[in-house]
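Enquirer: Next comes the structure file run.pdb, holding PDB, C-alpha atoms.
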ATOM      1  CA  MET A   1       0.000   0.000   0.000  1.00  0.00           C
ATOM      2  CA  ASP A   2       1.285   3.456  -0.887  1.00  0.00           C
ATOM      3  CA  LYS A   3       1.622   5.418   2.369  1.00  0.00           C
ATOM      4  CA  ASN A   4       0.371   8.554   0.531  1.00  0.00           C
ATOM      5  CA  GLU A   5      -2.888   6.795  -0.324  1.00  0.00           C
ATOM      6  CA  ASN A   6      -4.679   8.212   2.732  1.00  0.00           C
ATOM      7  CA  VAL A   7      -3.092  11.670   2.895  1.00  0.00           C
ATOM      8  CA  LEU A   8      -6.455  13.337   2.264  1.00  0.00           C
ATOM      9  CA  LYS A   9      -9.721  11.462   2.470  1.00  0.00           C
ATOM     10  CA  HIS A  10     -11.942  14.483   1.842  1.00  0.00           C
ATOM     11  CA  CYS A  11     -11.633  17.424  -0.507  1.00  0.00           C
ATOM     12  CA  PRO A  12     -10.692  20.564   1.462  1.00  0.00           C
ATOM     13  CA  ARG A  13     -12.767  22.693  -0.955  1.00  0.00           C
ATOM     14  CA  CYS A  14     -16.136  20.882  -1.117  1.00  0.00           C
ATOM     15  CA  GLY A  15     -15.899  18.036   1.418  1.00  0.00           C
ATOM     16  CA  GLY A  16     -16.381  15.348  -1.237  1.00  0.00           C
ATOM     17  CA  ARG A  17     -14.204  12.273  -1.500  1.00  0.00           C
ATOM     18  CA  ALA A  18     -10.561  12.882  -2.420  1.00  0.00           C
ATOM     19  CA  ALA A  19      -8.534  10.437  -4.487  1.00  0.00           C
ATOM     20  CA  LEU A  20      -4.885   9.943  -5.338  1.00  0.00           C
ATOM     21  CA  GLU A  21      -4.302  10.305  -9.070  1.00  0.00           C
ATOM     22  CA  GLY A  22      -0.935   8.925 -10.072  1.00  0.00           C
ATOM     23  CA  SER A  23       1.743   8.939  -7.412  1.00  0.00           C
ATOM     24  CA  ARG A  24       1.609  12.549  -6.253  1.00  0.00           C
ATOM     25  CA  LYS A  25      -1.626  14.332  -7.203  1.00  0.00           C
ATOM     26  CA  VAL A  26      -4.684  14.418  -4.922  1.00  0.00           C
ATOM     27  CA  VAL A  27      -7.904  15.330  -6.740  1.00  0.00           C
ATOM     28  CA  CYS A  28     -11.523  15.837  -5.785  1.00  0.00           C
ATOM     29  CA  ALA A  29     -13.427  12.723  -6.886  1.00  0.00           C
ATOM     30  CA  ALA A  30     -16.705  14.668  -6.487  1.00  0.00           C
ATOM     31  CA  GLY A  31     -15.676  16.908  -9.388  1.00  0.00           C
ATOM     32  CA  CYS A  32     -15.191  20.385  -7.878  1.00  0.00           C
ATOM     33  CA  GLY A  33     -11.821  20.681  -9.644  1.00  0.00           C
ATOM     34  CA  PHE A  34      -9.568  20.726  -6.569  1.00  0.00           C
ATOM     35  CA  ARG A  35      -6.018  19.427  -7.187  1.00  0.00           C
ATOM     36  CA  LEU A  36      -3.109  19.209  -4.770  1.00  0.00           C
ATOM     37  CA  TYR A  37       0.367  18.110  -5.854  1.00  0.00           C
ATOM     38  CA  LEU A  38       2.367  16.297  -3.186  1.00  0.00           C
ATOM     39  CA  ASN A  39       5.838  17.835  -3.327  1.00  0.00           C
ATOM     40  CA  THR A  40       9.111  17.197  -1.581  1.00  0.00           C
ATOM     41  CA  ALA A  41       9.607  18.877   1.802  1.00  0.00           C
ATOM     42  CA  ALA A  42      12.944  20.522   2.581  1.00  0.00           C
ATOM     43  CA  ALA A  43      14.880  19.409   5.648  1.00  0.00           C
ATOM     44  CA  VAL A  44      18.311  20.405   6.965  1.00  0.00           C
ATOM     45  CA  ALA A  45      20.969  18.616   8.983  1.00  0.00           C
ATOM     46  CA  ALA A  46      24.250  19.747  10.531  1.00  0.00           C
ATOM     47  CA  LEU A  47      27.635  18.124  10.167  1.00  0.00           C
ATOM     48  CA  ILE A  48      29.444  19.258  13.306  1.00  0.00           C
ATOM     49  CA  PHE A  49      32.915  17.855  13.965  1.00  0.00           C
ATOM     50  CA  ASP A  50      34.922  18.117  17.170  1.00  0.00           C
ATOM     51  CA  ALA A  51      38.642  18.987  17.259  1.00  0.00           C
ATOM     52  CA  GLY A  52      39.483  15.281  16.891  1.00  0.00           C
ATOM     53  CA  GLY A  53      37.496  14.920  13.666  1.00  0.00           C
ATOM     54  CA  ARG A  54      34.608  13.041  15.245  1.00  0.00           C
ATOM     55  CA  LEU A  55      31.074  13.742  14.019  1.00  0.00           C
ATOM     56  CA  MET A  56      28.404  14.887  16.481  1.00  0.00           C
ATOM     57  CA  ALA A  57      25.415  12.553  16.289  1.00  0.00           C
ATOM     58  CA  ILE A  58      22.276  12.694  18.368  1.00  0.00           C
ATOM     59  CA  ARG A  59      20.367   9.692  19.640  1.00  0.00           C
ATOM     60  CA  ARG A  60      16.700  10.241  18.876  1.00  0.00           C
ATOM     61  CA  ASN A  61      14.408  10.330  21.904  1.00  0.00           C
ATOM     62  CA  ARG A  62      11.190  10.301  19.830  1.00  0.00           C
ATOM     63  CA  GLU A  63       9.624   8.377  16.995  1.00  0.00           C
ATOM     64  CA  PRO A  64      10.202   7.939  14.201  1.00  0.00           C
ATOM     65  CA  GLN A  65      13.373   5.907  14.674  1.00  0.00           C
ATOM     66  CA  LYS A  66      13.621   6.451  18.429  1.00  0.00           C
ATOM     67  CA  GLY A  67      16.964   5.235  19.791  1.00  0.00           C
ATOM     68  CA  LEU A  68      18.839   5.533  16.497  1.00  0.00           C
ATOM     69  CA  LEU A  69      21.467   8.096  15.560  1.00  0.00           C
ATOM     70  CA  ASP A  70      20.648  11.219  13.592  1.00  0.00           C
ATOM     71  CA  LEU A  71      22.159  14.648  13.026  1.00  0.00           C
ATOM     72  CA  PRO A  72      20.916  17.921  14.528  1.00  0.00           C
ATOM     73  CA  GLY A  73      18.356  19.417  12.152  1.00  0.00           C
ATOM     74  CA  GLY A  74      14.773  19.319  11.008  1.00  0.00           C
ATOM     75  CA  PHE A  75      12.231  20.672   8.542  1.00  0.00           C
ATOM     76  CA  VAL A  76      12.502  24.071   6.897  1.00  0.00           C
ATOM     77  CA  ASP A  77       9.612  26.341   7.916  1.00  0.00           C
ATOM     78  CA  PHE A  78       7.683  28.565   5.500  1.00  0.00           C
ATOM     79  CA  GLY A  79       9.619  31.728   4.710  1.00  0.00           C
ATOM     80  CA  GLU A  80      12.964  30.385   5.971  1.00  0.00           C
ATOM     81  CA  SER A  81      16.163  29.829   4.041  1.00  0.00           C
ATOM     82  CA  ALA A  82      17.894  26.498   4.585  1.00  0.00           C
ATOM     83  CA  GLU A  83      20.643  28.281   6.528  1.00  0.00           C
ATOM     84  CA  GLU A  84      18.114  30.027   8.791  1.00  0.00           C
ATOM     85  CA  ALA A  85      16.361  26.708   9.404  1.00  0.00           C
ATOM     86  CA  LEU A  86      19.658  25.048  10.322  1.00  0.00           C
ATOM     87  CA  ALA A  87      20.555  27.792  12.811  1.00  0.00           C
ATOM     88  CA  ARG A  88      17.023  27.647  14.329  1.00  0.00           C
ATOM     89  CA  GLU A  89      17.057  23.849  14.637  1.00  0.00           C
ATOM     90  CA  ILE A  90      20.486  23.844  16.284  1.00  0.00           C
ATOM     91  CA  SER A  91      19.352  26.510  18.724  1.00  0.00           C
ATOM     92  CA  GLU A  92      16.163  24.558  19.539  1.00  0.00           C
ATOM     93  CA  GLU A  93      17.857  21.160  19.851  1.00  0.00           C
ATOM     94  CA  LEU A  94      21.243  22.065  21.348  1.00  0.00           C
ATOM     95  CA  GLY A  95      20.537  25.391  23.046  1.00  0.00           C
ATOM     96  CA  VAL A  96      23.480  27.131  21.354  1.00  0.00           C
ATOM     97  CA  GLY A  97      24.008  29.346  18.355  1.00  0.00           C
ATOM     98  CA  VAL A  98      25.948  28.687  15.198  1.00  0.00           C
ATOM     99  CA  GLU A  99      29.244  30.527  14.759  1.00  0.00           C
ATOM    100  CA  ALA A 100      28.658  33.435  12.364  1.00  0.00           C
ATOM    101  CA  GLY A 101      29.688  32.671   8.799  1.00  0.00           C
ATOM    102  CA  SER A 102      30.409  28.992   9.465  1.00  0.00           C
ATOM    103  CA  ILE A 103      27.440  27.385   7.671  1.00  0.00           C
ATOM    104  CA  GLU A 104      28.542  25.824   4.384  1.00  0.00           C
ATOM    105  CA  TYR A 105      26.466  23.667   2.043  1.00  0.00           C
ATOM    106  CA  PHE A 106      27.794  20.109   1.729  1.00  0.00           C
ATOM    107  CA  LYS A 107      25.327  17.805  -0.089  1.00  0.00           C
ATOM    108  CA  SER A 108      21.652  17.048  -0.671  1.00  0.00           C
ATOM    109  CA  ILE A 109      20.158  13.546  -0.543  1.00  0.00           C
ATOM    110  CA  PRO A 110      16.508  12.527  -1.147  1.00  0.00           C
ATOM    111  CA  ASN A 111      14.874  10.744   1.777  1.00  0.00           C
ATOM    112  CA  THR A 112      11.549   9.543   3.152  1.00  0.00           C
ATOM    113  CA  TYR A 113      10.215  10.231   6.634  1.00  0.00           C
ATOM    114  CA  LEU A 114       7.297   8.170   7.923  1.00  0.00           C
ATOM    115  CA  TYR A 115       5.394  10.091  10.585  1.00  0.00           C
ATOM    116  CA  GLY A 116       1.845   9.481  11.782  1.00  0.00           C
ATOM    117  CA  ASP A 117       1.165   6.989   8.972  1.00  0.00           C
ATOM    118  CA  VAL A 118       2.045   9.609   6.333  1.00  0.00           C
ATOM    119  CA  LEU A 119       5.140   9.119   4.204  1.00  0.00           C
ATOM    120  CA  TYR A 120       6.863  12.454   3.643  1.00  0.00           C
ATOM    121  CA  HIS A 121       9.283  12.701   0.761  1.00  0.00           C
ATOM    122  CA  THR A 122      12.083  15.054   1.750  1.00  0.00           C
ATOM    123  CA  LEU A 123      15.191  16.564   0.280  1.00  0.00           C
ATOM    124  CA  ASP A 124      17.710  16.550   3.105  1.00  0.00           C
ATOM    125  CA  LEU A 125      20.216  19.402   2.802  1.00  0.00           C
ATOM    126  CA  PHE A 126      23.431  18.753   4.714  1.00  0.00           C
ATOM    127  CA  PHE A 127      25.603  21.637   5.899  1.00  0.00           C
ATOM    128  CA  THR A 128      28.849  21.834   7.821  1.00  0.00           C
ATOM    129  CA  CYS A 129      28.974  24.400  10.612  1.00  0.00           C
ATOM    130  CA  ARG A 130      30.617  25.255  13.901  1.00  0.00           C
ATOM    131  CA  LEU A 131      28.865  25.948  17.168  1.00  0.00           C
ATOM    132  CA  ALA A 132      29.417  29.303  18.866  1.00  0.00           C
ATOM    133  CA  ASP A 133      29.978  27.695  22.301  1.00  0.00           C
ATOM    134  CA  THR A 134      30.239  23.900  22.568  1.00  0.00           C
ATOM    135  CA  GLY A 135      30.515  24.170  26.360  1.00  0.00           C
ATOM    136  CA  ALA A 136      26.992  25.617  26.549  1.00  0.00           C
ATOM    137  CA  ILE A 137      25.173  22.726  24.834  1.00  0.00           C
ATOM    138  CA  ARG A 138      21.857  21.936  26.540  1.00  0.00           C
ATOM    139  CA  THR A 139      19.774  19.380  24.634  1.00  0.00           C
ATOM    140  CA  ASN A 140      16.003  19.439  24.403  1.00  0.00           C
ATOM    141  CA  ASP A 141      13.690  16.470  24.985  1.00  0.00           C
ATOM    142  CA  GLU A 142      14.007  15.294  21.354  1.00  0.00           C
ATOM    143  CA  ILE A 143      17.544  14.109  22.110  1.00  0.00           C
ATOM    144  CA  ALA A 144      18.374  11.148  24.379  1.00  0.00           C
ATOM    145  CA  GLU A 145      22.132  11.770  24.170  1.00  0.00           C
ATOM    146  CA  ILE A 146      24.902  13.268  22.076  1.00  0.00           C
ATOM    147  CA  VAL A 147      27.647  10.975  20.828  1.00  0.00           C
ATOM    148  CA  TYR A 148      30.830  11.773  18.926  1.00  0.00           C
ATOM    149  CA  LYS A 149      32.106   9.152  16.489  1.00  0.00           C
ATOM    150  CA  ARG A 150      34.166   9.023  13.363  1.00  0.00           C
ATOM    151  CA  PRO A 151      31.741   8.555  10.437  1.00  0.00           C
ATOM    152  CA  LYS A 152      33.172   5.115   9.595  1.00  0.00           C
ATOM    153  CA  GLU A 153      32.485   4.007  13.210  1.00  0.00           C
ATOM    154  CA  ILE A 154      28.728   4.514  12.791  1.00  0.00           C
ATOM    155  CA  SER A 155      27.140   1.351  11.406  1.00  0.00           C
ATOM    156  CA  GLU A 156      24.316   1.572   8.885  1.00  0.00           C
ATOM    157  CA  GLY A 157      22.043  -0.091  11.437  1.00  0.00           C
ATOM    158  CA  GLU A 158      22.650   2.742  13.916  1.00  0.00           C
ATOM    159  CA  ALA A 159      21.640   5.479  11.436  1.00  0.00           C
ATOM    160  CA  ALA A 160      18.039   6.623  11.675  1.00  0.00           C
ATOM    161  CA  PHE A 161      17.392   7.448   8.004  1.00  0.00           C
ATOM    162  CA  ASP A 162      18.450   6.411   4.506  1.00  0.00           C
ATOM    163  CA  SER A 163      19.839   9.860   3.727  1.00  0.00           C
ATOM    164  CA  MET A 164      22.137   9.670   6.749  1.00  0.00           C
ATOM    165  CA  ARG A 165      23.311   6.202   5.692  1.00  0.00           C
ATOM    166  CA  GLY A 166      24.139   7.601   2.242  1.00  0.00           C
ATOM    167  CA  LEU A 167      25.916  10.570   3.777  1.00  0.00           C
ATOM    168  CA  LEU A 168      27.958   8.320   6.093  1.00  0.00           C
ATOM    169  CA  ARG A 169      29.068   6.182   3.137  1.00  0.00           C
ATOM    170  CA  LEU A 170      30.206   9.347   1.371  1.00  0.00           C
ATOM    171  CA  ILE A 171      32.060  11.011   4.244  1.00  0.00           C
ATOM    172  CA  SER A 172      33.607   7.752   5.471  1.00  0.00           C
ATOM    173  CA  GLU A 173      35.601   7.712   2.233  1.00  0.00           C
ATOM    174  CA  ILE A 174      36.990  11.215   2.828  1.00  0.00           C
ATOM    175  CA  PRO A 175      40.434  11.031   4.471  1.00  0.00           C
TER     176      PRO A 175
END
What does the file become when written as structure tokens?
Expert:
Amino acid sequence: MDKNENVLKHCPRCGGRAALEGSRKVVCAAGCGFRLYLNTAAAVAALIFDAGGRLMAIRRNREPQKGLLDLPGGFVDFGESAEEALAREISEELGVGVEAGSIEYFKSIPNTYLYGDVLYHTLDLFFTCRLADTGAIRTNDEIAEIVYKRPKEISEGEAAFDSMRGLLRLISEIP
């Protein structure tokens, strides 16, 4: 079953039955003409390395993928740039700011994120950055713990999402 099959059961315009047409278009089956295209959501994640070259990973304290390793980050809000979203997410999750001018784009990788029985297709944008004050880190309740590991020390089974597994394969090859 396609997880997007039940994204909308009723047309938001007329209240009639909604149907999935193709893989990404929701239409009004009652005929009012409503159409909604399901598009990719933007998400950001931070590659933060300590002085020893170890990557900061967070252990997720919530579903989906509770207990697995992820990177600080999250969804881009309306009206935000990817860089603004990254700085906001780091502030929310780690309680610290990003060092001014340190955010640099690294790579984008398509991903899926199953939440509440809805499969979100995302484009995960990975950035390197430095924290303004690593001694002031105070995690929020989304994070069970912070771990520092070399990318090649993180097994694929420990990584929460496919995009992170792809990223780890890529950066594990970098000397």
Enquirer: Compile the contact shell of Leu55 in chain A as a PyMOL selection string: residues with an atom at most 7 Å away, counting all atoms listed in the file, same-chain residues fewer than 6 positions apart removed.
Expert: chain A and resi 47-49+148-151
Enquirer: May I ask for the distance between CA of Glu104 in chain A and CA of Asn61 in chain A, given in Å to one decimal place?
Expert: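 So the answer is 27.3 Å.
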Enquirer: Need the neighbours of (39.0, 13.4, 10.4): which residues are at most 8 Å away, counting all atoms listed in the file, as an NGL selection string?
Expert: :A and (52-54 or 150 or 175)
Enquirer: Which residues would end up in the selection if the PyMOL selection byres ((chain A and resi 76-81) around 12) were applied here, given that I need the answer as a ChimeraX atom specification?
Expert: /A:40-45,73-75,82-89,122-125
Enquirer: Counting all atoms listed in the file, which of A:Phe161, A:Arg169, A:Leu36, A:Lys25 gets nearest to Tyr113 in chain A?
Expert: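 Of the candidates, the smallest distance to Tyr113 in chain A is held by A:Phe161.
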Enquirer: My list of candidates is A:Leu170, A:Glu158, A:Arg17, A:Leu131. Which is closest to Cys32 in chain A when distances are computed with only C-alpha atoms?
Expert: A:Arg17
Enquirer: For CA of Phe127 in chain A and CA of Lys107 in chain A, quote the distance in Å rounded to one decimal.
Expert: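 Between CA of Phe127 in chain A and CA of Lys107 in chain A the gap works out to 7.1 Å.
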Enquirer: Nearest to Gly157 in chain A: which of A:Leu38, A:Ala19, A:Leu69, A:Leu8 is it, counting all atoms listed in the file?
Expert: A:Leu69
